[in-house]
Amino acid sequence: GAVVSQHPSWVICKSGTSVKIECRSLDFQATTMFWYRQFPKQSLMLMATSNEGSKATYEQGVEKDKFLINHASLTLSTLTVTSAHPEDSSFYICSARTQGTANSPLHFGNGTRLTVT
Amino acid sequence: GDSVTQMEGPVTLSEEAFLTINCTYTATGYPSLFWYVQYPGEGLQLLLKATKADDKGSNKGFEATYRKETTSFHLEKGSVQVSDSAVYFCACDFSGYSTLTFGKGTMLLVSP
């Protein structure tokens with residue numbers, strides 16, 4: 001089955017530093033990847049939609065300069081949290097849709113736990 | 001606007017009990033409906049789905065039927081196991097392009 005690998009699974013960083021999270025589709029090509037943020041005991045909130053070779057589409061209220069998304073290939077999207085602050089601590093999850101299949105189920109990575117101290 | 005409402009948890013059951021987790025949606029169109037499961041410290045896994053009215057999705061003993069008349073997609077299982085303990089998310093694709101809207105999730109705790 002389709003596998004999405006997310007790395008790292010957890011990261012601790014100091015306030016003011018930047019952190020990059022990778023999302024890879026291992027056995028399929030993903031023209032579209034999605035980045036979510038999950039707060040404790042809450043649902044997933046869509047942050048942005050990442051399309052290969054073009055700029056990401058951010059949801060309302062998400063700072064594009066703070067959460068940089070790059071989707072340089074059909075198998076890799078990255079989320080960089082720039083100048084991280086404690087309030088950025090959260091669980092970040094990516095997902096990918098199989099190429100050419102709109103309305104198909106998404107395949108999720110296992111998430112990245114970010115803790116900013 | 002389009003939205004998903006899911007019953008709040010936690011839901012605490014004994015092993016072999018019957019499970020129902022309610023999910024309703026509000027939409028102007030006919031979304032595709034999904035149930036995802038999240039085990040502790042992990043990402044989401046698709047549990048089942050339904051793409052049109054009266055469809056029944058099923059997997060691992062779980063079932064949910066797309067009810068257009070009540071705009072619902074309730075998750076059921078006849079006999080839960082301890083290993084079913086997880087958070088369950090109802091989700092809708094209102095756009096048709098995999099942009100999912102999630103419910104708030106329901107934690108299920110099954111005791112032996």
# chains A, B, ... in the order shown; residues from 1 in each chain; ligands from 1
>>> closest_atom_pairs(of="chain B", to="chain A", cutoff="8 Å", atoms="only C-alpha atoms", output="tab-separated table")
residue	atom	partner	partner_atom	distance
B:Ser32	CA	A:Asn103	CA	7.7
B:Gly41	CA	A:Asn110	CA	7.7
B:Glu42	CA	A:Asn110	CA	4.7
B:Gly43	CA	A:Asn110	CA	3.7
B:Leu44	CA	A:Phe108	CA	5.7
B:Gln45	CA	A:Phe108	CA	6.7
B:Leu46	CA	A:Pro105	CA	7.5
B:Phe89	CA	A:Ser43	CA	7.8
B:Asp93	CA	A:Asn103	CA	7.6
B:Gly96	CA	A:Asn103	CA	4.9
B:Tyr97	CA	A:Ala102	CA	5.1
B:Ser98	CA	A:Asn103	CA	5.3
B:Leu100	CA	A:Leu46	CA	8.0
B:Thr101	CA	A:Leu46	CA	7.9
B:Phe102	CA	A:Leu44	CA	6.4
B:Gly103	CA	A:Ser43	CA	6.2
B:Lys104	CA	A:Ser43	CA	4.2
B:Gly105	CA	A:Ser43	CA	5.9
>>> write_last_selection(atoms="N, CA and C atoms", output="mmCIF file, in the first residue's frame")
data_model
loop_
_atom_site.group_PDB
_atom_site.id
_atom_site.type_symbol
_atom_site.label_atom_id
_atom_site.label_comp_id
_atom_site.auth_asym_id
_atom_site.auth_seq_id
_atom_site.Cartn_x
_atom_site.Cartn_y
_atom_site.Cartn_z
ATOM 1 N N SER B 32 -17.710 13.250 0.244
ATOM 2 C CA SER B 32 -17.237 11.910 0.575
ATOM 3 C C SER B 32 -16.957 11.879 2.072
ATOM 4 N N GLY B 41 0.666 8.509 19.506
ATOM 5 C CA GLY B 41 1.958 8.874 18.935
ATOM 6 C C GLY B 41 2.098 8.621 17.460
ATOM 7 N N GLU B 42 1.030 8.294 16.801
ATOM 8 C CA GLU B 42 1.109 7.978 15.372
ATOM 9 C C GLU B 42 0.262 8.927 14.548
ATOM 10 N N GLY B 43 0.431 8.837 13.239
ATOM 11 C CA GLY B 43 -0.413 9.595 12.329
ATOM 12 C C GLY B 43 -1.749 8.916 12.155
ATOM 13 N N LEU B 44 -2.496 9.380 11.182
ATOM 14 C CA LEU B 44 -3.831 8.843 10.958
ATOM 15 C C LEU B 44 -3.820 7.705 9.951
ATOM 16 N N GLN B 45 -4.690 6.756 10.181
ATOM 17 C CA GLN B 45 -4.865 5.666 9.237
ATOM 18 C C GLN B 45 -6.320 5.653 8.793
ATOM 19 N N LEU B 46 -6.527 5.494 7.509
ATOM 20 C CA LEU B 46 -7.884 5.397 7.007
ATOM 21 C C LEU B 46 -8.516 4.109 7.517
ATOM 22 N N PHE B 89 -11.460 9.781 14.145
ATOM 23 C CA PHE B 89 -11.826 11.049 13.525
ATOM 24 C C PHE B 89 -12.777 10.801 12.357
ATOM 25 N N ASP B 93 -14.839 15.214 2.808
ATOM 26 C CA ASP B 93 -14.199 15.898 1.691
ATOM 27 C C ASP B 93 -15.304 16.631 0.949
ATOM 28 N N GLY B 96 -13.935 17.567 -3.026
ATOM 29 C CA GLY B 96 -13.658 16.588 -4.068
ATOM 30 C C GLY B 96 -12.192 16.528 -4.437
ATOM 31 N N TYR B 97 -11.357 17.274 -3.711
ATOM 32 C CA TYR B 97 -9.928 17.301 -3.996
ATOM 33 C C TYR B 97 -9.094 16.914 -2.775
ATOM 34 N N SER B 98 -9.662 16.087 -1.940
ATOM 35 C CA SER B 98 -8.957 15.538 -0.769
ATOM 36 C C SER B 98 -8.634 16.591 0.279
ATOM 37 N N LEU B 100 -9.613 17.622 3.372
ATOM 38 C CA LEU B 100 -10.498 17.061 4.373
ATOM 39 C C LEU B 100 -10.796 18.045 5.489
ATOM 40 N N THR B 101 -12.024 17.999 5.950
ATOM 41 C CA THR B 101 -12.424 18.686 7.174
ATOM 42 C C THR B 101 -12.671 17.613 8.217
ATOM 43 N N PHE B 102 -11.987 17.743 9.333
ATOM 44 C CA PHE B 102 -12.055 16.724 10.379
ATOM 45 C C PHE B 102 -12.976 17.135 11.506
ATOM 46 N N GLY B 103 -13.609 16.146 12.114
ATOM 47 C CA GLY B 103 -14.249 16.360 13.389
ATOM 48 C C GLY B 103 -13.185 16.454 14.472
ATOM 49 N N LYS B 104 -13.598 16.718 15.702
ATOM 50 C CA LYS B 104 -12.637 16.946 16.774
ATOM 51 C C LYS B 104 -12.023 15.668 17.322
ATOM 52 N N GLY B 105 -12.522 14.540 16.877
ATOM 53 C CA GLY B 105 -11.960 13.277 17.341
ATOM 54 C C GLY B 105 -12.651 12.767 18.595
#
>>> residues_around(residues="Asn22 (chain B)", least_positions_apart="3", cutoff="7 Å", atoms="only C-alpha atoms", output="number ranges by chain")
B: 6-7, 74-75
>>> atom_distance(atom1="CA of Leu48 (chain B)", atom2="CA of Val82 (chain B)")
19.5 Å
>>> residues_around(residues="Thr80 (chain A)", least_positions_apart="2", cutoff="10 Å", atoms="only C-alpha atoms", output="list in words")
Ser18, Val19, Lys20, Ile21, Glu22, Asp65, Lys66, Phe67, Leu68, Ile69, Asn70, Thr78, Thr82, Ser83 and Ala84 of chain A
>>> write_last_selection(atoms="N, CA, C and O atoms", output="compact mmCIF listing (two decimals), in the first residue's frame")
# COMPACT_ATOMS: atom_id res chain seq x y z
N SER A 18 15.19 27.43 13.54
CA SER A 18 14.28 26.92 12.52
C SER A 18 14.36 25.40 12.48
O SER A 18 15.41 24.81 12.74
N VAL A 19 13.26 24.79 12.14
CA VAL A 19 13.17 23.33 12.10
C VAL A 19 12.53 22.91 10.78
O VAL A 19 11.52 23.48 10.37
N LYS A 20 13.14 21.92 10.15
CA LYS A 20 12.59 21.41 8.88
C LYS A 20 12.02 20.02 9.08
O LYS A 20 12.66 19.15 9.66
N ILE A 21 10.83 19.81 8.59
CA ILE A 21 10.16 18.51 8.65
C ILE A 21 9.97 18.01 7.23
O ILE A 21 9.50 18.75 6.36
N GLU A 22 10.32 16.76 6.99
CA GLU A 22 10.21 16.18 5.66
C GLU A 22 9.04 15.21 5.57
O GLU A 22 8.76 14.47 6.51
N ASP A 65 5.07 33.07 5.89
CA ASP A 65 6.49 33.38 6.10
C ASP A 65 7.06 32.62 7.29
O ASP A 65 8.28 32.51 7.42
N LYS A 66 6.19 32.15 8.13
CA LYS A 66 6.65 31.41 9.29
C LYS A 66 6.70 29.91 8.99
O LYS A 66 7.59 29.20 9.44
N PHE A 67 5.75 29.45 8.25
CA PHE A 67 5.67 28.03 7.90
C PHE A 67 5.95 27.89 6.40
O PHE A 67 5.05 27.95 5.57
N LEU A 68 7.22 27.70 6.10
CA LEU A 68 7.65 27.64 4.70
C LEU A 68 7.47 26.22 4.16
O LEU A 68 7.97 25.27 4.74
N ILE A 69 6.79 26.13 3.05
CA ILE A 69 6.54 24.82 2.46
C ILE A 69 7.16 24.76 1.08
O ILE A 69 6.97 25.66 0.26
N ASN A 70 7.89 23.67 0.85
CA ASN A 70 8.52 23.44 -0.44
C ASN A 70 8.16 22.05 -0.94
O ASN A 70 8.26 21.09 -0.20
N THR A 78 8.52 19.62 2.12
CA THR A 78 9.12 19.98 3.41
C THR A 78 8.38 21.15 4.02
O THR A 78 7.90 22.04 3.31
N THR A 82 10.04 28.52 10.85
CA THR A 82 11.12 29.49 11.00
C THR A 82 10.96 30.26 12.30
O THR A 82 9.84 30.52 12.77
N SER A 83 12.10 30.59 12.90
CA SER A 83 12.11 31.34 14.15
C SER A 83 11.05 30.80 15.12
O SER A 83 10.12 31.52 15.51
N ALA A 84 11.21 29.55 15.45
CA ALA A 84 10.20 28.86 16.25
C ALA A 84 10.06 29.47 17.64
O ALA A 84 11.04 29.94 18.24
>>> atom_distance(atom1="CA of Val4 (chain B)", atom2="CA of Gln29 (chain A)")
29.6 Å
>>> select_by_dssp(residues="chain A", states="strand (DSSP E or B)", output="ChimeraX atom specification")
/A:4-7,10-13,19-25,32-38,44-51,57-58,67-73,76-81,90-97,107-108,112-116
>>> closest_residue(among="A:Ala2, A:Ile12, A:Val81, A:Met47", to="Val62 (chain A)", atoms="only C-alpha atoms")
A:Met47
>>> residues_around(residues="Glu76 (chain B)", least_positions_apart="4", cutoff="6 Å", atoms="only C-alpha atoms", output="PDB file with C-alpha atoms, in the first residue's frame")
ATOM      1  CA  LEU B  19     -19.564   0.779  19.985  1.00  0.00           C
ATOM      2  CA  THR B  20     -21.241   3.751  18.371  1.00  0.00           C
ATOM      3  CA  PHE B  62     -16.101  -1.384  11.960  1.00  0.00           C
ATOM      4  CA  GLU B  63     -18.962  -0.127   9.818  1.00  0.00           C
TER       5      GLU B  63
END
>>> residues_around(residues="Asp54 (chain B)", least_positions_apart="5", cutoff="10 Å", atoms="only C-alpha atoms", output="number ranges by chain")
B: 64-69, 73
>>> write_last_selection(atoms="N, CA and C atoms", output="short mmCIF file (atom, residue, chain, number, x, y, z; two decimals), in the first residue's frame")
data_model
loop_
_atom_site.label_atom_id
_atom_site.label_comp_id
_atom_site.auth_asym_id
_atom_site.auth_seq_id
_atom_site.Cartn_x
_atom_site.Cartn_y
_atom_site.Cartn_z
N ALA B 64 -19.81 1.90 8.85
CA ALA B 64 -20.49 3.20 8.88
C ALA B 64 -21.26 3.33 7.58
N THR B 65 -22.48 3.85 7.67
CA THR B 65 -23.34 3.99 6.50
C THR B 65 -23.59 5.46 6.23
N TYR B 66 -23.45 5.86 4.99
CA TYR B 66 -23.67 7.23 4.55
C TYR B 66 -25.17 7.47 4.49
N ARG B 67 -25.68 8.27 5.43
CA ARG B 67 -27.12 8.56 5.51
C ARG B 67 -27.36 9.99 5.08
N LYS B 68 -27.83 10.16 3.86
CA LYS B 68 -28.06 11.50 3.34
C LYS B 68 -29.22 12.18 4.06
N GLU B 69 -30.25 11.41 4.39
CA GLU B 69 -31.44 12.01 4.99
C GLU B 69 -31.18 12.57 6.37
N PHE B 73 -22.92 9.79 9.54
CA PHE B 73 -21.99 8.71 9.16
C PHE B 73 -21.46 8.11 10.45
#
>>> residues_around(residues="Gly29 (chain B)", least_positions_apart="3", cutoff="12 Å", atoms="only C-alpha atoms", output="mmCIF file with all heavy atoms, in the first residue's frame")
data_model
loop_
_atom_site.group_PDB
_atom_site.id
_atom_site.type_symbol
_atom_site.label_atom_id
_atom_site.label_comp_id
_atom_site.auth_asym_id
_atom_site.auth_seq_id
_atom_site.Cartn_x
_atom_site.Cartn_y
_atom_site.Cartn_z
ATOM 1 N N GLY B 1 -21.547 27.281 6.715
ATOM 2 C CA GLY B 1 -20.531 26.634 5.908
ATOM 3 C C GLY B 1 -20.470 25.145 6.186
ATOM 4 O O GLY B 1 -21.136 24.614 7.069
ATOM 5 N N ASP B 2 -19.676 24.445 5.406
ATOM 6 C CA ASP B 2 -19.514 23.005 5.583
ATOM 7 C C ASP B 2 -18.805 22.705 6.900
ATOM 8 O O ASP B 2 -17.824 23.360 7.241
ATOM 9 C CB ASP B 2 -18.697 22.438 4.421
ATOM 10 C CG ASP B 2 -19.375 22.662 3.077
ATOM 11 O OD1 ASP B 2 -20.621 22.762 3.047
ATOM 12 O OD2 ASP B 2 -18.668 22.766 2.066
ATOM 13 N N SER B 3 -19.286 21.709 7.607
ATOM 14 C CA SER B 3 -18.681 21.382 8.899
ATOM 15 C C SER B 3 -18.948 19.927 9.259
ATOM 16 O O SER B 3 -19.819 19.269 8.678
ATOM 17 C CB SER B 3 -19.239 22.294 9.995
ATOM 18 O OG SER B 3 -20.623 22.076 10.165
ATOM 19 N N TYR B 25 -22.738 15.835 9.550
ATOM 20 C CA TYR B 25 -22.093 16.864 8.757
ATOM 21 C C TYR B 25 -23.124 17.871 8.251
ATOM 22 O O TYR B 25 -24.325 17.567 8.172
ATOM 23 C CB TYR B 25 -21.318 16.250 7.584
ATOM 24 C CG TYR B 25 -22.213 15.577 6.553
ATOM 25 C CD1 TYR B 25 -22.715 16.283 5.466
ATOM 26 C CD2 TYR B 25 -22.551 14.228 6.685
ATOM 27 C CE1 TYR B 25 -23.530 15.676 4.536
ATOM 28 C CE2 TYR B 25 -23.373 13.617 5.764
ATOM 29 C CZ TYR B 25 -23.863 14.336 4.695
ATOM 30 O OH TYR B 25 -24.681 13.725 3.780
ATOM 31 N N THR B 26 -22.617 19.025 7.922
ATOM 32 C CA THR B 26 -23.426 20.067 7.297
ATOM 33 C C THR B 26 -22.749 20.422 5.983
ATOM 34 O O THR B 26 -21.570 20.754 5.965
ATOM 35 C CB THR B 26 -23.506 21.319 8.184
ATOM 36 O OG1 THR B 26 -24.047 20.956 9.452
ATOM 37 C CG2 THR B 26 -24.385 22.384 7.544
ATOM 38 N N SER B 32 -17.710 13.250 0.244
ATOM 39 C CA SER B 32 -17.237 11.910 0.575
ATOM 40 C C SER B 32 -16.957 11.879 2.072
ATOM 41 O O SER B 32 -16.521 12.874 2.650
ATOM 42 C CB SER B 32 -15.961 11.584 -0.200
ATOM 43 O OG SER B 32 -16.240 11.482 -1.579
ATOM 44 N N LYS B 52 -20.948 7.919 -1.543
ATOM 45 C CA LYS B 52 -22.278 8.357 -1.943
ATOM 46 C C LYS B 52 -23.325 7.802 -0.986
ATOM 47 O O LYS B 52 -23.066 6.885 -0.196
ATOM 48 C CB LYS B 52 -22.584 7.937 -3.372
ATOM 49 C CG LYS B 52 -22.589 6.438 -3.632
ATOM 50 C CD LYS B 52 -22.855 6.161 -5.090
ATOM 51 C CE LYS B 52 -23.030 4.664 -5.365
ATOM 52 N NZ LYS B 52 -21.833 3.888 -5.035
ATOM 53 N N ALA B 53 -24.495 8.370 -1.079
ATOM 54 C CA ALA B 53 -25.579 8.023 -0.165
ATOM 55 C C ALA B 53 -25.859 6.521 -0.176
ATOM 56 O O ALA B 53 -25.834 5.884 -1.232
ATOM 57 C CB ALA B 53 -26.835 8.804 -0.536
ATOM 58 N N LYS B 68 -27.830 10.157 3.855
ATOM 59 C CA LYS B 68 -28.059 11.503 3.345
ATOM 60 C C LYS B 68 -29.219 12.180 4.061
ATOM 61 O O LYS B 68 -29.187 13.378 4.329
ATOM 62 C CB LYS B 68 -28.342 11.424 1.836
ATOM 63 C CG LYS B 68 -28.450 12.778 1.161
ATOM 64 C CD LYS B 68 -28.642 12.635 -0.340
ATOM 65 C CE LYS B 68 -29.968 12.034 -0.710
ATOM 66 N NZ LYS B 68 -30.218 12.052 -2.178
ATOM 67 N N THR B 71 -27.888 13.259 7.270
ATOM 68 C CA THR B 71 -26.515 13.785 7.123
ATOM 69 C C THR B 71 -25.602 13.223 8.201
ATOM 70 O O THR B 71 -24.937 13.949 8.950
ATOM 71 C CB THR B 71 -26.486 15.326 7.127
ATOM 72 O OG1 THR B 71 -26.987 15.830 8.370
ATOM 73 C CG2 THR B 71 -27.287 15.890 5.986
ATOM 74 N N CYS B 92 -14.747 14.741 6.291
ATOM 75 C CA CYS B 92 -15.521 14.933 5.071
ATOM 76 C C CYS B 92 -14.665 15.623 4.035
ATOM 77 O O CYS B 92 -13.901 16.537 4.359
ATOM 78 C CB CYS B 92 -16.749 15.794 5.339
ATOM 79 S SG CYS B 92 -17.927 15.072 6.473
ATOM 80 N N ASP B 93 -14.839 15.214 2.808
ATOM 81 C CA ASP B 93 -14.199 15.898 1.691
ATOM 82 C C ASP B 93 -15.304 16.631 0.949
ATOM 83 O O ASP B 93 -16.003 16.047 0.127
ATOM 84 C CB ASP B 93 -13.492 14.891 0.792
ATOM 85 C CG ASP B 93 -12.795 15.555 -0.385
ATOM 86 O OD1 ASP B 93 -12.887 16.796 -0.517
ATOM 87 O OD2 ASP B 93 -12.176 14.835 -1.180
ATOM 88 N N PHE B 94 -15.418 17.915 1.253
ATOM 89 C CA PHE B 94 -16.472 18.706 0.632
ATOM 90 C C PHE B 94 -16.081 19.192 -0.763
ATOM 91 O O PHE B 94 -16.928 19.567 -1.558
ATOM 92 C CB PHE B 94 -16.796 19.926 1.510
ATOM 93 C CG PHE B 94 -17.317 19.570 2.875
ATOM 94 C CD1 PHE B 94 -16.524 19.726 3.999
ATOM 95 C CD2 PHE B 94 -18.599 19.084 3.038
ATOM 96 C CE1 PHE B 94 -17.004 19.407 5.265
ATOM 97 C CE2 PHE B 94 -19.094 18.759 4.297
ATOM 98 C CZ PHE B 94 -18.284 18.920 5.414
ATOM 99 N N SER B 95 -14.764 19.210 -1.000
ATOM 100 C CA SER B 95 -14.273 19.827 -2.232
ATOM 101 C C SER B 95 -14.123 18.840 -3.378
ATOM 102 O O SER B 95 -14.142 19.228 -4.539
ATOM 103 C CB SER B 95 -12.903 20.455 -1.963
ATOM 104 O OG SER B 95 -11.953 19.437 -1.698
ATOM 105 N N GLY B 96 -13.935 17.567 -3.026
ATOM 106 C CA GLY B 96 -13.658 16.588 -4.068
ATOM 107 C C GLY B 96 -12.192 16.528 -4.437
ATOM 108 O O GLY B 96 -11.797 15.803 -5.337
#
>>> residues_around(residues="Pro112 (chain B)", least_positions_apart="6", cutoff="12 Å", atoms="only C-alpha atoms", output="list of chain:residue names")
B:Thr12, B:Leu13, B:Ser14, B:Glu15, B:Glu16, B:Ala17, B:Val80, B:Gln81, B:Val82, B:Ser83, B:Asp84, B:Ser85
>>> write_last_selection(atoms="N, CA and C atoms", output="tab-separated table (two decimals), in the first residue's frame")
chain	number	residue	atom	x	y	z
B	12	THR	N	-15.70	5.15	27.07
B	12	THR	CA	-15.07	4.07	27.83
B	12	THR	C	-15.96	2.84	27.78
B	13	LEU	N	-15.41	1.75	27.28
B	13	LEU	CA	-16.18	0.51	27.14
B	13	LEU	C	-15.39	-0.69	27.66
B	14	SER	N	-16.12	-1.70	28.00
B	14	SER	CA	-15.48	-2.98	28.32
B	14	SER	C	-15.31	-3.79	27.05
B	15	GLU	N	-14.34	-4.67	27.06
B	15	GLU	CA	-14.10	-5.53	25.89
B	15	GLU	C	-15.39	-6.25	25.52
B	16	GLU	N	-15.62	-6.37	24.23
B	16	GLU	CA	-16.78	-7.04	23.63
B	16	GLU	C	-18.06	-6.21	23.67
B	17	ALA	N	-17.98	-5.01	24.16
B	17	ALA	CA	-19.16	-4.13	24.15
B	17	ALA	C	-19.40	-3.60	22.75
B	80	VAL	N	-15.98	-4.58	20.64
B	80	VAL	CA	-14.68	-3.90	20.63
B	80	VAL	C	-13.63	-4.72	21.39
B	81	GLN	N	-12.39	-4.46	21.03
B	81	GLN	CA	-11.25	-5.10	21.68
B	81	GLN	C	-10.36	-4.03	22.31
B	82	VAL	N	-9.53	-4.46	23.23
B	82	VAL	CA	-8.60	-3.53	23.87
B	82	VAL	C	-7.75	-2.82	22.82
B	83	SER	N	-7.39	-3.55	21.80
B	83	SER	CA	-6.53	-2.99	20.75
B	83	SER	C	-7.23	-1.93	19.90
B	84	ASP	N	-8.53	-1.76	20.08
B	84	ASP	CA	-9.26	-0.70	19.37
B	84	ASP	C	-9.13	0.65	20.06
B	85	SER	N	-8.52	0.67	21.22
B	85	SER	CA	-8.34	1.92	21.95
B	85	SER	C	-7.50	2.87	21.10
>>> atom_distance(atom1="CA of His85 (chain A)", atom2="CA of Lys55 (chain A)")
24.5 Å
>>> closest_residue(among="B:Tyr88, B:Thr51, B:Glu8, B:Ser111", to="Tyr30 (chain B)", atoms="only C-alpha atoms")
B:Thr51
